[in-house]
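One file, data_37.pdb, is given below (PDB, C-alpha atoms).
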```pdb
MODEL        1
ATOM      1  CA  MET A   1      89.160 102.039 117.692
ATOM      2  CA  PRO A   2      86.923  99.730 115.675
ATOM      3  CA  ASP A   3      87.087 102.144 112.757
ATOM      4  CA  LEU A   4      90.829 101.483 112.463
ATOM      5  CA  THR A   5      90.220  97.736 112.428
ATOM      6  CA  GLY A   6      87.625  98.155 109.690
ATOM      7  CA  ALA A   7      89.891 100.444 107.669
ATOM      8  CA  ARG A   8      92.815  98.007 107.982
ATOM      9  CA  LEU A   9      90.542  95.136 106.972
ATOM     10  CA  VAL A  10      89.328  96.965 103.863
ATOM     11  CA  HIS A  11      92.871  98.069 103.038
ATOM     12  CA  VAL A  12      94.472  94.624 103.283
ATOM     13  CA  VAL A  13      91.648  92.726 101.553
ATOM     14  CA  CYS A  14      91.633  95.210  98.672
ATOM     15  CA  VAL A  15      95.427  95.029  98.303
ATOM     16  CA  VAL A  16      95.227  91.215  98.245
ATOM     17  CA  LEU A  17      92.547  91.278  95.520
ATOM     18  CA  TRP A  18      94.325  93.973  93.511
ATOM     19  CA  ILE A  19      97.918  92.679  93.619
ATOM     20  CA  GLY A  20      96.709  89.075  93.497
ATOM     21  CA  GLY A  21      94.890  89.986  90.296
ATOM     22  CA  VAL A  22      98.051  91.526  88.879
ATOM     23  CA  ALA A  23      99.886  88.302  89.740
ATOM     24  CA  MET A  24      97.204  86.202  88.019
ATOM     25  CA  VAL A  25      97.298  88.339  84.875
ATOM     26  CA  THR A  26     101.110  88.315  84.819
ATOM     27  CA  THR A  27     101.798  84.669  85.597
ATOM     28  CA  VAL A  28      98.728  82.915  84.152
ATOM     29  CA  LEU A  29      96.673  85.031  81.738
ATOM     30  CA  LEU A  30      99.455  86.527  79.633
ATOM     31  CA  PRO A  31     101.370  83.255  79.156
ATOM     32  CA  ALA A  32      98.105  81.456  78.264
ATOM     33  CA  THR A  33      97.189  84.220  75.839
ATOM     34  CA  ARG A  34     100.553  84.023  74.073
ATOM     35  CA  ARG A  35      99.991  80.297  73.435
ATOM     36  CA  LEU A  36      96.810  80.894  71.418
ATOM     37  CA  VAL A  37      97.236  80.227  67.734
ATOM     38  CA  SER A  38      95.965  83.336  66.007
ATOM     39  CA  SER A  39      96.701  86.931  66.931
ATOM     40  CA  ALA A  40      92.998  87.765  66.601
ATOM     41  CA  GLU A  41      92.210  85.108  69.231
ATOM     42  CA  ARG A  42      94.919  86.485  71.516
ATOM     43  CA  VAL A  43      93.644  90.042  71.361
ATOM     44  CA  GLN A  44      90.005  89.040  71.847
ATOM     45  CA  PHE A  45      90.771  86.636  74.725
ATOM     46  CA  PHE A  46      93.105  89.039  76.520
ATOM     47  CA  GLU A  47      90.763  92.018  76.218
ATOM     48  CA  LYS A  48      87.769  90.025  77.447
ATOM     49  CA  ILE A  49      89.547  88.736  80.554
ATOM     50  CA  GLU A  50      91.472  91.943  81.232
ATOM     51  CA  ALA A  51      88.262  94.010  81.066
ATOM     52  CA  GLY A  52      86.802  91.994  83.940
ATOM     53  CA  PHE A  53      89.949  92.400  85.986
ATOM     54  CA  ALA A  54      90.112  96.135  85.214
ATOM     55  CA  ARG A  55      86.627  96.644  86.697
ATOM     56  CA  GLN A  56      87.639  94.783  89.861
ATOM     57  CA  ALA A  57      90.974  96.633  89.981
ATOM     58  CA  ARG A  58      89.285 100.043  89.748
ATOM     59  CA  TRP A  59      87.166  99.242  92.804
ATOM     60  CA  THR A  60      89.979  97.725  94.831
ATOM     61  CA  VAL A  61      92.471 100.473  93.965
ATOM     62  CA  THR A  62      89.899 103.115  94.919
ATOM     63  CA  LEU A  63      89.073 101.428  98.229
ATOM     64  CA  THR A  64      92.773 100.844  98.927
ATOM     65  CA  GLY A  65      93.485 104.543  98.450
ATOM     66  CA  LEU A  66      90.540 105.724 100.532
ATOM     67  CA  SER A  67      91.286 103.335 103.386
ATOM     68  CA  GLY A  68      95.030 104.102 103.232
ATOM     69  CA  PHE A  69      94.532 107.844 103.424
ATOM     70  CA  TYR A  70      91.989 107.361 106.205
ATOM     71  CA  LEU A  71      94.488 105.241 108.149
ATOM     72  CA  ALA A  72      97.206 107.872 107.736
ATOM     73  CA  TYR A  73      94.748 110.527 108.943
ATOM     74  CA  ARG A  74      93.403 108.574 111.939
ATOM     75  CA  LEU A  75      96.839 107.351 113.012
ATOM     76  CA  GLU A  76      98.299 110.830 112.473
ATOM     77  CA  ALA A  77     101.007 109.120 110.457
ATOM     78  CA  TRP A  78     101.781 111.972 108.057
ATOM     79  CA  ASN A  79     105.154 112.558 109.747
ATOM     80  CA  ARG A  80     106.269 109.125 108.538
ATOM     81  CA  PHE A  81     106.553 110.584 105.058
ATOM     82  CA  ALA A  82     109.415 112.761 106.309
ATOM     83  CA  ASP A  83     111.344 109.777 107.694
ATOM     84  CA  PRO A  84     113.368 107.661 105.217
ATOM     85  CA  HIS A  85     112.934 104.614 107.492
ATOM     86  CA  PHE A  86     109.311 104.616 106.358
ATOM     87  CA  TRP A  87     110.261 104.326 102.667
ATOM     88  CA  TRP A  88     107.482 101.788 102.252
ATOM     89  CA  MET A  89     104.870 104.493 102.947
ATOM     90  CA  HIS A  90     106.177 106.385  99.915
ATOM     91  CA  ALA A  91     106.263 103.148  97.929
ATOM     92  CA  MET A  92     102.633 102.361  98.792
ATOM     93  CA  VAL A  93     101.504 105.794  97.642
ATOM     94  CA  ALA A  94     103.649 105.590  94.489
ATOM     95  CA  VAL A  95     102.325 102.136  93.509
ATOM     96  CA  TRP A  96      98.768 103.242  94.258
ATOM     97  CA  ALA A  97      99.225 106.455  92.219
ATOM     98  CA  LEU A  98     100.737 104.545  89.301
ATOM     99  CA  PHE A  99      97.892 102.025  89.146
ATOM    100  CA  THR A 100      95.314 104.790  89.614
ATOM    101  CA  ALA A 101      96.800 106.697  86.687
ATOM    102  CA  VAL A 102      96.883 103.577  84.506
ATOM    103  CA  LEU A 103      93.348 102.422  85.362
ATOM    104  CA  PHE A 104      91.565 105.776  85.339
ATOM    105  CA  VAL A 105      93.572 107.922  82.908
ATOM    106  CA  LEU A 106      96.042 106.098  80.657
ATOM    107  CA  GLU A 107      93.972 102.987  79.899
ATOM    108  CA  PRO A 108      90.763 104.753  78.867
ATOM    109  CA  LEU A 109      92.489 107.630  77.066
ATOM    110  CA  TRP A 110      95.397 105.898  75.359
ATOM    111  CA  LEU A 111      96.466 102.380  76.381
ATOM    112  CA  HIS A 112      93.338 100.566  75.164
ATOM    113  CA  ARG A 113      93.604 102.071  71.679
ATOM    114  CA  TRP A 114      97.382 101.584  71.559
ATOM    115  CA  PHE A 115      96.932  97.901  72.434
ATOM    116  CA  GLU A 116      94.294  97.358  69.720
ATOM    117  CA  VAL A 117      96.399  98.985  67.011
ATOM    118  CA  SER A 118      99.718  97.533  68.120
ATOM    119  CA  ALA A 119      98.323  94.017  68.598
ATOM    120  CA  GLN A 120      96.970  94.073  65.044
ATOM    121  CA  ARG A 121     100.283  95.229  63.549
ATOM    122  CA  ARG A 122     102.799  93.336  65.690
ATOM    123  CA  PRO A 123     101.071  90.935  68.082
ATOM    124  CA  GLU A 124     104.192  89.133  69.341
ATOM    125  CA  ARG A 125     105.993  92.378  70.114
ATOM    126  CA  THR A 126     102.879  93.864  71.742
ATOM    127  CA  PHE A 127     102.333  90.887  74.031
ATOM    128  CA  ALA A 128     106.029  90.830  74.921
ATOM    129  CA  ILE A 129     105.869  94.520  75.932
ATOM    130  CA  ILE A 130     102.666  93.958  77.903
ATOM    131  CA  GLN A 131     104.164  90.965  79.696
ATOM    132  CA  ARG A 132     107.387  92.820  80.600
ATOM    133  CA  LEU A 133     105.413  95.781  81.943
ATOM    134  CA  HIS A 134     103.176  93.481  83.988
ATOM    135  CA  TRP A 135     106.225  91.735  85.449
ATOM    136  CA  LEU A 136     107.722  95.111  86.371
ATOM    137  CA  LEU A 137     104.469  96.217  88.035
ATOM    138  CA  LEU A 138     104.153  92.906  89.876
ATOM    139  CA  ILE A 139     107.734  92.961  91.191
ATOM    140  CA  VAL A 140     107.474  96.578  92.362
ATOM    141  CA  SER A 141     104.097  95.827  93.967
ATOM    142  CA  LEU A 142     105.373  92.737  95.787
ATOM    143  CA  LEU A 143     108.466  94.577  97.055
ATOM    144  CA  THR A 144     106.168  97.313  98.325
ATOM    145  CA  VAL A 145     103.878  94.815 100.058
ATOM    146  CA  ALA A 146     106.884  93.070 101.629
ATOM    147  CA  GLY A 147     108.305  96.403 102.793
ATOM    148  CA  ALA A 148     104.953  97.516 104.208
ATOM    149  CA  VAL A 149     104.403  94.276 106.118
ATOM    150  CA  ALA A 150     107.950  94.250 107.501
ATOM    151  CA  GLY A 151     107.946  97.977 108.208
ATOM    152  CA  SER A 152     104.556  98.030 109.919
ATOM    153  CA  HIS A 153     105.770  95.265 112.236
ATOM    154  CA  GLY A 154     109.006  96.956 113.212
ATOM    155  CA  GLY A 155     111.310  95.451 110.599
ATOM    156  CA  LEU A 156     113.242  97.376 108.015
ATOM    157  CA  LEU A 157     113.388  95.683 104.678
TER
ENDMDL
END
```

As structure tokens, what does this structure read like?
Amino acid sequence: MPDLTGARLVHVVCVVLWIGGVAMVTTVLLPATRRLVSSAERVQFFEKIEAGFARQARWTVTLTGLSGFYLAYRLEAWNRFADPHFWWMHAMVAVWALFTAVLFVLEPLWLHRWFEVSAQRRPERTFAIIQRLHWLLLIVSLLTVAGAVAGSHGGLL
């Protein structure tokens, strides 16, 4: 079953890059951005760095989803979605779907423009909202990762 090993490898490495990137943005980039003097500097700095992360996140989220669905198919694990003990399977799909929607639908169609306009009008409020949302996404993501690791090794978190 070398294909399962490869799929697991892709899945875990992509999750590490994706959620690790969310952690970096949340705990390092946003606080550093808020310390910049002018709001114009903040917006420019944040957008430049976030754009690079968004490209990486689109790839890793896509590969995470493809490898995850492949694993569920190959392991014939679809029945786990009917068992509440496998809540972390639902959580993985929900977190993946949320990030996919943000990265591929909401950000290009609405979020990018909202950020530009809002950051010009009320930069402190905008960055506070962005930081709170990133913390929420990070916490939910880390709980999901913890549940998936524990659950896939026989523990129930």

_Interatomic distance, CA of Val145 in chain A to CA of Glu76 in chain A (Å, one decimal)_ = 21.0 Å

*Got a sec: who's within 12 Å of range 83-87 of chain A, counting only C-alpha atoms, leaving out chain neighbours fewer than 2 positions off, as a ChimeraX atom specification?*
/A:77-81,89-94,143-157

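You will find CA of Ala54 in chain A at 14.3 Å from CA of Leu109 in chain A.
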
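The shortest atom-to-atom distance to Gln120 in chain A, with all atoms listed in the file taken into account, belongs to A:Ser38 out of A:Arg55, A:Leu66, A:Ser38, A:Ala72.
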
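CA of Trp18 in chain A sits 24.9 Å away from CA of Arg35 in chain A.
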
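Between Gln131 in chain A and the candidates A:Phe53, A:Trp110, A:Phe46, A:Trp96, the tightest atom-to-atom separation, counting all atoms listed in the file, involves A:Phe46.
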
*For the point (91.7, 106.9, 104.6) in the file's frame, write as number ranges by chain all residues with an atom no more than 12 Å away, counting only C-alpha atoms.*
A: 3-4, 6-8, 10-11, 62-78

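The shell of residues at most 10 Å from range 27-32 of chain A, with only C-alpha atoms counted and near chain neighbours (fewer than 6 positions) removed, consists of Gly21, Arg42, Phe45, Phe46, Ile49, Glu50, Phe127, Ala128, Ile130, Gln131, His134, Trp135 and Leu138 of chain A.
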
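Using all atoms listed in the file, the shortest contact distance between Arg125 in chain A and any of A:Ala51, A:Ser39, A:Leu103, A:Val16 is found at A:Ser39.
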
*List every protein, DNA or RNA residue that has at least one atom no more than 7 Å from (100.1, 95.3, 74.3) in the file's coordinates, counting only C-alpha atoms, and write the result as a list in words.*
Phe115, Ser118, Ala119, Thr126, Phe127, Ile129 and Ile130 of chain A

Work out where the centre of an axis-aligned box around every listed atom of range 88-94 of chain A lies and how long its edges are once 5 Å is added on each side; give both in Å to one decimal as JSON.
```
{"center_x": 104.5, "center_y": 104.1, "center_z": 98.7, "size_x": 16.0, "size_y": 14.6, "size_z": 18.5}
```

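Nearest residue to Trp88 in chain A, choosing from A:Ser141, A:Thr60, A:Thr5, A:Thr100 and counting all atoms listed in the file: A:Ser141.
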
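Of the listed residues (A:Ala101, A:Ala40, A:Ala82, A:Cys14), A:Cys14 comes nearest to Val61 in chain A; the distances count all atoms listed in the file.
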
*Between A:Leu17, A:Leu136, A:Leu36, A:Gln56, which one has atoms that come closest to Val95 in chain A, using all atoms listed in the file?*
A:Leu136

Place N, CA and C atoms on range 14-50 of chain A and deliver the coordinates as a PDB file, in the frame of the given file.
```pdb
ATOM      1  N   CYS A  14      91.580  94.603 100.011  1.00  0.00           N
ATOM      2  CA  CYS A  14      91.633  95.210  98.672  1.00  0.00           C
ATOM      3  C   CYS A  14      93.017  95.073  98.037  1.00  0.00           C
ATOM      4  N   VAL A  15      94.073  95.228  98.835  1.00  0.00           N
ATOM      5  CA  VAL A  15      95.427  95.029  98.303  1.00  0.00           C
ATOM      6  C   VAL A  15      95.610  93.586  97.840  1.00  0.00           C
ATOM      7  N   VAL A  16      95.114  92.629  98.620  1.00  0.00           N
ATOM      8  CA  VAL A  16      95.227  91.215  98.245  1.00  0.00           C
ATOM      9  C   VAL A  16      94.511  90.960  96.912  1.00  0.00           C
ATOM     10  N   LEU A  17      93.293  91.474  96.772  1.00  0.00           N
ATOM     11  CA  LEU A  17      92.547  91.278  95.520  1.00  0.00           C
ATOM     12  C   LEU A  17      93.235  91.974  94.344  1.00  0.00           C
ATOM     13  N   TRP A  18      93.705  93.186  94.568  1.00  0.00           N
ATOM     14  CA  TRP A  18      94.325  93.973  93.511  1.00  0.00           C
ATOM     15  C   TRP A  18      95.657  93.363  93.064  1.00  0.00           C
ATOM     16  N   ILE A  19      96.593  93.182  93.990  1.00  0.00           N
ATOM     17  CA  ILE A  19      97.918  92.679  93.619  1.00  0.00           C
ATOM     18  C   ILE A  19      97.837  91.199  93.251  1.00  0.00           C
ATOM     19  N   GLY A  20      96.938  90.468  93.900  1.00  0.00           N
ATOM     20  CA  GLY A  20      96.709  89.075  93.497  1.00  0.00           C
ATOM     21  C   GLY A  20      96.209  88.989  92.065  1.00  0.00           C
ATOM     22  N   GLY A  21      95.360  89.926  91.684  1.00  0.00           N
ATOM     23  CA  GLY A  21      94.890  89.986  90.296  1.00  0.00           C
ATOM     24  C   GLY A  21      96.012  90.302  89.326  1.00  0.00           C
ATOM     25  N   VAL A  22      96.888  91.209  89.723  1.00  0.00           N
ATOM     26  CA  VAL A  22      98.051  91.526  88.879  1.00  0.00           C
ATOM     27  C   VAL A  22      98.921  90.282  88.717  1.00  0.00           C
ATOM     28  N   ALA A  23      99.095  89.535  89.803  1.00  0.00           N
ATOM     29  CA  ALA A  23      99.886  88.302  89.740  1.00  0.00           C
ATOM     30  C   ALA A  23      99.231  87.286  88.808  1.00  0.00           C
ATOM     31  N   MET A  24      97.909  87.142  88.890  1.00  0.00           N
ATOM     32  CA  MET A  24      97.204  86.202  88.019  1.00  0.00           C
ATOM     33  C   MET A  24      97.339  86.600  86.551  1.00  0.00           C
ATOM     34  N   VAL A  25      97.161  87.870  86.257  1.00  0.00           N
ATOM     35  CA  VAL A  25      97.298  88.339  84.875  1.00  0.00           C
ATOM     36  C   VAL A  25      98.718  88.096  84.372  1.00  0.00           C
ATOM     37  N   THR A  26      99.704  88.406  85.215  1.00  0.00           N
ATOM     38  CA  THR A  26     101.110  88.315  84.819  1.00  0.00           C
ATOM     39  C   THR A  26     101.586  86.874  84.649  1.00  0.00           C
ATOM     40  N   THR A  27     101.224  86.022  85.589  1.00  0.00           N
ATOM     41  CA  THR A  27     101.798  84.669  85.597  1.00  0.00           C
ATOM     42  C   THR A  27     100.922  83.615  84.924  1.00  0.00           C
ATOM     43  N   VAL A  28      99.630  83.909  84.733  1.00  0.00           N
ATOM     44  CA  VAL A  28      98.728  82.915  84.152  1.00  0.00           C
ATOM     45  C   VAL A  28      98.099  83.403  82.851  1.00  0.00           C
ATOM     46  N   LEU A  29      97.422  84.553  82.903  1.00  0.00           N
ATOM     47  CA  LEU A  29      96.673  85.031  81.738  1.00  0.00           C
ATOM     48  C   LEU A  29      97.573  85.352  80.542  1.00  0.00           C
ATOM     49  N   LEU A  30      98.594  86.147  80.764  1.00  0.00           N
ATOM     50  CA  LEU A  30      99.455  86.527  79.633  1.00  0.00           C
ATOM     51  C   LEU A  30     100.174  85.334  79.005  1.00  0.00           C
ATOM     52  N   PRO A  31     100.767  84.434  79.787  1.00  0.00           N
ATOM     53  CA  PRO A  31     101.370  83.255  79.156  1.00  0.00           C
ATOM     54  C   PRO A  31     100.339  82.395  78.402  1.00  0.00           C
ATOM     55  N   ALA A  32      99.145  82.234  78.955  1.00  0.00           N
ATOM     56  CA  ALA A  32      98.105  81.456  78.264  1.00  0.00           C
ATOM     57  C   ALA A  32      97.689  82.147  76.977  1.00  0.00           C
ATOM     58  N   THR A  33      97.577  83.453  77.019  1.00  0.00           N
ATOM     59  CA  THR A  33      97.189  84.220  75.839  1.00  0.00           C
ATOM     60  C   THR A  33      98.228  84.083  74.730  1.00  0.00           C
ATOM     61  N   ARG A  34      99.487  84.109  75.085  1.00  0.00           N
ATOM     62  CA  ARG A  34     100.553  84.023  74.073  1.00  0.00           C
ATOM     63  C   ARG A  34     100.606  82.663  73.405  1.00  0.00           C
ATOM     64  N   ARG A  35     100.002  81.637  74.033  1.00  0.00           N
ATOM     65  CA  ARG A  35      99.991  80.297  73.435  1.00  0.00           C
ATOM     66  C   ARG A  35      98.840  80.087  72.442  1.00  0.00           C
ATOM     67  N   LEU A  36      97.909  81.034  72.377  1.00  0.00           N
ATOM     68  CA  LEU A  36      96.810  80.894  71.418  1.00  0.00           C
ATOM     69  C   LEU A  36      97.358  81.006  70.001  1.00  0.00           C
ATOM     70  N   VAL A  37      96.707  80.352  69.091  1.00  0.00           N
ATOM     71  CA  VAL A  37      97.236  80.227  67.734  1.00  0.00           C
ATOM     72  C   VAL A  37      97.196  81.534  66.954  1.00  0.00           C
ATOM     73  N   SER A  38      96.050  82.139  66.847  1.00  0.00           N
ATOM     74  CA  SER A  38      95.965  83.336  66.007  1.00  0.00           C
ATOM     75  C   SER A  38      96.044  84.608  66.839  1.00  0.00           C
ATOM     76  N   SER A  39      96.578  85.653  66.223  1.00  0.00           N
ATOM     77  CA  SER A  39      96.701  86.931  66.931  1.00  0.00           C
ATOM     78  C   SER A  39      95.324  87.515  67.226  1.00  0.00           C
ATOM     79  N   ALA A  40      94.354  87.276  66.355  1.00  0.00           N
ATOM     80  CA  ALA A  40      92.998  87.765  66.601  1.00  0.00           C
ATOM     81  C   ALA A  40      92.423  87.114  67.863  1.00  0.00           C
ATOM     82  N   GLU A  41      92.664  85.813  68.035  1.00  0.00           N
ATOM     83  CA  GLU A  41      92.210  85.108  69.231  1.00  0.00           C
ATOM     84  C   GLU A  41      92.878  85.680  70.481  1.00  0.00           C
ATOM     85  N   ARG A  42      94.168  85.946  70.381  1.00  0.00           N
ATOM     86  CA  ARG A  42      94.919  86.485  71.516  1.00  0.00           C
ATOM     87  C   ARG A  42      94.341  87.805  71.978  1.00  0.00           C
ATOM     88  N   VAL A  43      94.145  88.710  71.027  1.00  0.00           N
ATOM     89  CA  VAL A  43      93.644  90.042  71.361  1.00  0.00           C
ATOM     90  C   VAL A  43      92.255  89.941  71.980  1.00  0.00           C
ATOM     91  N   GLN A  44      91.381  89.177  71.353  1.00  0.00           N
ATOM     92  CA  GLN A  44      90.005  89.040  71.847  1.00  0.00           C
ATOM     93  C   GLN A  44      89.985  88.407  73.248  1.00  0.00           C
ATOM     94  N   PHE A  45      90.720  87.332  73.441  1.00  0.00           N
ATOM     95  CA  PHE A  45      90.771  86.636  74.725  1.00  0.00           C
ATOM     96  C   PHE A  45      91.323  87.540  75.816  1.00  0.00           C
ATOM     97  N   PHE A  46      92.464  88.184  75.532  1.00  0.00           N
ATOM     98  CA  PHE A  46      93.105  89.039  76.520  1.00  0.00           C
ATOM     99  C   PHE A  46      92.202  90.204  76.909  1.00  0.00           C
ATOM    100  N   GLU A  47      91.604  90.869  75.926  1.00  0.00           N
ATOM    101  CA  GLU A  47      90.763  92.018  76.218  1.00  0.00           C
ATOM    102  C   GLU A  47      89.523  91.635  77.023  1.00  0.00           C
ATOM    103  N   LYS A  48      88.961  90.474  76.727  1.00  0.00           N
ATOM    104  CA  LYS A  48      87.769  90.025  77.447  1.00  0.00           C
ATOM    105  C   LYS A  48      88.095  89.776  78.929  1.00  0.00           C
ATOM    106  N   ILE A  49      89.170  89.053  79.177  1.00  0.00           N
ATOM    107  CA  ILE A  49      89.547  88.736  80.554  1.00  0.00           C
ATOM    108  C   ILE A  49      90.061  89.984  81.278  1.00  0.00           C
ATOM    109  N   GLU A  50      90.889  90.748  80.616  1.00  0.00           N
ATOM    110  CA  GLU A  50      91.472  91.943  81.232  1.00  0.00           C
ATOM    111  C   GLU A  50      90.394  92.969  81.578  1.00  0.00           C
TER     112      GLU A  50
END
```
